[in-house]
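Peer 1: Supplied in structure tokens, the structure appears directly below.
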Amino acid sequence: IDGVSVTGIDADVIGTNWCEALSVGYRMLRDQGHEKIGFLTSNHDARQIAMARREFLLLSGWEGPMPHPRLHAVSRLPGSYTRQDLEAALPDPDDRQESMTALIVWGLVDGYLMDSALRNKGLRPGRDLSLLLLGSVDVPSEHVSQFDIVGNSDAEKLDLFESIVTSRIAGSSSPQHTHYLPIYTHVNGSIRLLDATIEK
């Protein structure tokens, strides 16, 4: 059920294609003029997480043998990032050679942590750094009415789960398959239009 490693053939699977969500978010940032886009995620080798890291490399056109300088893979599972993990991924506001103008974060379930990390670094979301979260668009504690977010609807996920389980209990004989949740966006203003001259 929207897990990182539970899959099946003879079972119904409900989940989000996080590569799709990442691609939507990446395009949102590119449409605002951002080219130096970072990605903060877990370095866990679970299939969904590993696929998202590979998707980021493809989206950013990275082909170098060295690690991508804007891929921040932390040694924690999604949902267990600390403020220190977030601060380490954020650029120094005094560094004119900053490595990114925008950051996508996947696995952050507490938006207050991000808010605290930004304050500690002296960064204003949507002004000094564009921030985009991947998560549940209808969970206020993730975006805290401050961060733009791309992902699924938690309520829709639960409703779909209840509907599928109820139909199976009732004896539904329809073939089992993977039920991908739709991708939505929720805008709070943490992405800014980037002046093209900044990138030069």
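Going by the structure tokens order, chains are called A, B, ..., each with residues numbered from 1, while ligands are numbered from 1 in the order shown.
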Determine, counting only C-alpha atoms, which protein, DNA and RNA residues have an atom within 12 Å of an atom of A:Val24; residues of the same chain fewer than 2 positions away are not included. Present the result as a PDB file with C-alpha atoms, in the first residue's frame.
Peer 2:
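Final output, out-v5.pdb:
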```pdb
ATOM      1  CA  ASN A  17       4.718   6.400  -9.062  1.00  0.00           C
ATOM      2  CA  TRP A  18       7.195   8.750  -7.386  1.00  0.00           C
ATOM      3  CA  CYS A  19       9.260   8.979 -10.573  1.00  0.00           C
ATOM      4  CA  GLU A  20       6.184  10.542 -12.155  1.00  0.00           C
ATOM      5  CA  ALA A  21       5.823  12.980  -9.254  1.00  0.00           C
ATOM      6  CA  LEU A  22       9.526  13.849  -9.468  1.00  0.00           C
ATOM      7  CA  TYR A  26      11.239  18.946 -12.047  1.00  0.00           C
ATOM      8  CA  ARG A  27       9.311  20.356 -15.002  1.00  0.00           C
ATOM      9  CA  MET A  28       7.592  22.875 -12.720  1.00  0.00           C
ATOM     10  CA  LEU A  29      10.981  24.177 -11.627  1.00  0.00           C
ATOM     11  CA  ARG A  30      12.401  24.208 -15.158  1.00  0.00           C
ATOM     12  CA  ASP A  31       9.362  26.178 -16.318  1.00  0.00           C
ATOM     13  CA  GLU A  55      15.115   9.408 -12.552  1.00  0.00           C
ATOM     14  CA  PHE A  56      16.749  12.521 -11.113  1.00  0.00           C
ATOM     15  CA  LEU A  59      16.205  14.488 -15.725  1.00  0.00           C
ATOM     16  CA  ILE A 104      13.260  18.973  -4.432  1.00  0.00           C
ATOM     17  CA  LEU A 132       9.440  21.744  -3.755  1.00  0.00           C
ATOM     18  CA  LEU A 133       8.322  18.773  -1.682  1.00  0.00           C
ATOM     19  CA  LEU A 134       7.176  15.378  -2.926  1.00  0.00           C
ATOM     20  CA  ILE A 149       4.134  20.070  -2.999  1.00  0.00           C
ATOM     21  CA  VAL A 150       3.636  17.442  -5.694  1.00  0.00           C
ATOM     22  CA  GLY A 151       2.298  13.970  -5.014  1.00  0.00           C
ATOM     23  CA  PRO A 182      -3.104  10.365  -9.597  1.00  0.00           C
ATOM     24  CA  ILE A 183      -0.459  13.066  -9.183  1.00  0.00           C
ATOM     25  CA  TYR A 184      -1.553  16.478  -7.923  1.00  0.00           C
ATOM     26  CA  THR A 185       0.161  19.765  -7.153  1.00  0.00           C
TER      27      THR A 185
END
```
Peer 1: Applying 10 Å and only C-alpha atoms, which residues near A:His44 remain after dropping the ones on its own chain fewer than 3 positions away? List them as JSON, numbers by chain.
Peer 2: {"A": [4, 41, 47, 48, 49, 50, 73, 74, 75, 76, 77, 78]}
Peer 1: Please dump the current selection as a PDB file, in the first residue's frame; keep C-alpha atoms.
Peer 2:
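Writing done, so here's out_15.pdb:
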```pdb
ATOM      1  CA  VAL A   4       8.674   1.280  -1.060  1.00  0.00           C
ATOM      2  CA  THR A  41      16.247  11.821  -0.813  1.00  0.00           C
ATOM      3  CA  ARG A  47      13.058  -0.082  -5.467  1.00  0.00           C
ATOM      4  CA  GLN A  48      10.928   3.077  -5.387  1.00  0.00           C
ATOM      5  CA  ILE A  49      13.707   5.133  -3.795  1.00  0.00           C
ATOM      6  CA  ALA A  50      16.446   3.838  -6.089  1.00  0.00           C
ATOM      7  CA  ALA A  73      21.186  11.004  -0.547  1.00  0.00           C
ATOM      8  CA  VAL A  74      20.969  10.770   3.238  1.00  0.00           C
ATOM      9  CA  SER A  75      21.455   7.587   5.232  1.00  0.00           C
ATOM     10  CA  ARG A  76      17.901   7.555   6.529  1.00  0.00           C
ATOM     11  CA  LEU A  77      14.582   6.195   5.411  1.00  0.00           C
ATOM     12  CA  PRO A  78      11.914   8.633   4.220  1.00  0.00           C
TER      13      PRO A  78
END
```
Peer 1: I want to know what sits within 12 Å of A:Asp159, based on only C-alpha atoms, with residues of the same chain fewer than 5 positions away left out; could you give that as JSON, numbers by chain?
Peer 2: {"A": [1, 14, 153, 154, 164, 165, 166, 181]}
Peer 1: How would the residues just chosen look if you wrote them out with N, CA, C and O atoms as a compact mmCIF listing (two decimals), in the first residue's frame?
Peer 2:
```txt
# COMPACT_ATOMS: atom_id res chain seq x y z
N ILE A 1 0.86 -1.18 0.00
CA ILE A 1 0.00 0.00 0.00
C ILE A 1 0.89 1.23 0.00
O ILE A 1 1.39 1.64 1.04
N ILE A 14 -1.59 -0.74 -4.25
CA ILE A 14 -1.95 0.67 -4.34
C ILE A 14 -0.68 1.48 -4.13
O ILE A 14 0.01 1.28 -3.13
N SER A 153 -2.87 12.09 -3.05
CA SER A 153 -3.84 12.50 -2.04
C SER A 153 -3.93 11.39 -1.02
O SER A 153 -4.26 10.24 -1.37
N ASP A 154 -3.64 11.68 0.23
CA ASP A 154 -3.68 10.67 1.28
C ASP A 154 -5.11 10.15 1.46
O ASP A 154 -5.32 8.95 1.62
N ILE A 164 -11.12 -1.28 -2.46
CA ILE A 164 -10.58 -2.52 -3.01
C ILE A 164 -10.75 -3.67 -2.03
O ILE A 164 -11.18 -4.77 -2.38
N VAL A 165 -10.44 -3.41 -0.75
CA VAL A 165 -10.56 -4.47 0.26
C VAL A 165 -12.03 -4.90 0.39
O VAL A 165 -12.34 -6.10 0.45
N THR A 166 -12.93 -3.94 0.39
CA THR A 166 -14.36 -4.25 0.50
C THR A 166 -14.82 -5.09 -0.68
O THR A 166 -15.57 -6.07 -0.51
N LEU A 181 -1.97 5.96 -8.03
CA LEU A 181 -2.71 7.14 -7.60
C LEU A 181 -2.39 8.32 -8.51
O LEU A 181 -1.24 8.46 -8.97
```
Peer 1: Taking only C-alpha atoms into account, name the residue in A:Leu131, A:Ala117, A:Tyr112, A:Lys157 that is nearest to A:Gly38.
Peer 2: A:Leu131
Peer 1: I need the residues of chain A that end up classed as strand (DSSP E or B) by DSSP on the backbone, written out as JSON, numbers by chain.
Peer 2: {"A": [13, 14, 15, 37, 38, 39, 40, 41, 42, 71, 72, 73, 74, 102, 103, 104, 105, 106, 125, 129, 130, 131, 132, 133, 134, 135, 136, 148, 149, 150, 151, 152, 178, 179, 180, 184, 185, 186]}
Peer 1: If we count only C-alpha atoms, what is near A:Met114 at a cut-off of 9 Å, once residues fewer than 5 positions away on the same chain are taken out, given as an mmCIF file with all heavy atoms, in the first residue's frame?
Peer 2:
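around06.cif written:
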```cif
data_model
loop_
_atom_site.group_PDB
_atom_site.id
_atom_site.type_symbol
_atom_site.label_atom_id
_atom_site.label_comp_id
_atom_site.auth_asym_id
_atom_site.auth_seq_id
_atom_site.Cartn_x
_atom_site.Cartn_y
_atom_site.Cartn_z
ATOM 1 N N ARG A 83 16.780 17.653 11.114
ATOM 2 C CA ARG A 83 17.041 19.028 10.702
ATOM 3 C C ARG A 83 18.468 19.159 10.184
ATOM 4 O O ARG A 83 18.737 19.904 9.241
ATOM 5 C CB ARG A 83 16.821 19.991 11.871
ATOM 6 C CG ARG A 83 16.831 21.457 11.432
ATOM 7 C CD ARG A 83 16.680 22.387 12.616
ATOM 8 N NE ARG A 83 17.855 22.289 13.459
ATOM 9 C CZ ARG A 83 17.843 22.474 14.790
ATOM 10 N NH1 ARG A 83 16.728 22.735 15.413
ATOM 11 N NH2 ARG A 83 18.953 22.380 15.489
ATOM 12 N N LEU A 86 18.659 18.165 6.577
ATOM 13 C CA LEU A 86 18.118 19.203 5.712
ATOM 14 C C LEU A 86 19.081 20.379 5.582
ATOM 15 O O LEU A 86 19.304 20.895 4.489
ATOM 16 C CB LEU A 86 16.776 19.679 6.260
ATOM 17 C CG LEU A 86 15.694 18.595 6.374
ATOM 18 C CD1 LEU A 86 14.450 19.162 7.048
ATOM 19 C CD2 LEU A 86 15.359 18.031 5.014
ATOM 20 N N GLU A 87 19.665 20.779 6.698
ATOM 21 C CA GLU A 87 20.607 21.902 6.663
ATOM 22 C C GLU A 87 21.811 21.580 5.794
ATOM 23 O O GLU A 87 22.318 22.441 5.082
ATOM 24 C CB GLU A 87 21.045 22.267 8.078
ATOM 25 C CG GLU A 87 19.964 22.957 8.894
ATOM 26 C CD GLU A 87 20.472 23.403 10.258
ATOM 27 O OE1 GLU A 87 21.695 23.577 10.412
ATOM 28 O OE2 GLU A 87 19.641 23.567 11.166
ATOM 29 N N LEU A 108 10.165 13.907 3.330
ATOM 30 C CA LEU A 108 9.992 14.812 4.468
ATOM 31 C C LEU A 108 8.522 14.789 4.867
ATOM 32 O O LEU A 108 7.663 15.239 4.122
ATOM 33 C CB LEU A 108 10.416 16.228 4.089
ATOM 34 C CG LEU A 108 10.241 17.298 5.158
ATOM 35 C CD1 LEU A 108 11.179 17.038 6.325
ATOM 36 C CD2 LEU A 108 10.484 18.678 4.590
ATOM 37 N N ARG A 119 15.336 28.515 8.420
ATOM 38 C CA ARG A 119 15.583 29.654 9.318
ATOM 39 C C ARG A 119 17.015 29.632 9.839
ATOM 40 O O ARG A 119 17.674 30.670 9.916
ATOM 41 C CB ARG A 119 14.595 29.635 10.478
ATOM 42 C CG ARG A 119 13.171 29.995 10.086
ATOM 43 C CD ARG A 119 12.231 29.877 11.280
ATOM 44 N NE ARG A 119 10.848 30.100 10.892
ATOM 45 C CZ ARG A 119 10.278 31.289 10.829
ATOM 46 N NH1 ARG A 119 10.987 32.373 11.132
ATOM 47 N NH2 ARG A 119 9.011 31.414 10.477
#
```
Peer 1: Could you tell me how far atom CA of A:Ser141 sits from atom CA of A:Ile37, in Å to one decimal place?
Peer 2: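 Going from atom CA of A:Ile37 over to atom CA of A:Ser141, I get 24.1 Å.
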Peer 1: With distances taken over only C-alpha atoms, which residue among A:Gly64, A:Gly33, A:Gly107, A:Pro93 lies nearest A:Asp128?
Peer 2: A:Pro93
Peer 1: Which residue is closest to A:Gly111? Choose from A:Leu123, A:Val144, A:Val13, A:Val137 and count only C-alpha atoms.
Peer 2: A:Val144
Peer 1: Please report the interatomic distance between atom CA of A:Leu40 and atom CA of A:Val105 in Å with one decimal.
Peer 2: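 These two atoms are separated by 4.8 Å.
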Peer 1: Taking the DSSP secondary structure from the backbone, can you list the residues of stretch 146-179 of chain A that are helix (DSSP H, G or I), as a ChimeraX atom specification?
Peer 2: /A:154-169
Peer 1: With only C-alpha atoms as the atoms that count, which of A:Ala102, A:Ala155, A:Met66, A:Ala46 lies nearest to A:Ile191?
Peer 2: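 Going through A:Ala102, A:Ala155, A:Met66, A:Ala46 one by one, the smallest distance to A:Ile191 is for A:Ala102.
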Peer 1: Which one is closest to A:His34: A:Ala170, A:Gly61, A:Asp110, A:Met100? Count only C-alpha atoms.
Peer 2: A:Met100
Peer 1: For A:Trp106, which residue out of A:Ser174, A:Asn188, A:Ser145, A:Asn43 is the nearest one, using only C-alpha atoms?
Peer 2: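 The answer is A:Asn43, which sits nearest to A:Trp106.
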Peer 1: Would you work out the distance separating atom CA of A:Asp94 from atom CA of A:Ser80, expressed in Å to one decimal?
Peer 2: 28.4 Å
Peer 1: Write out as JSON, numbers by chain each polymer residue whose atoms come within 8 Å of A:His177, counting only C-alpha atoms; drop sequence neighbours fewer than 3 positions from it.
Peer 2: {"A": [9, 10, 11, 12, 13]}
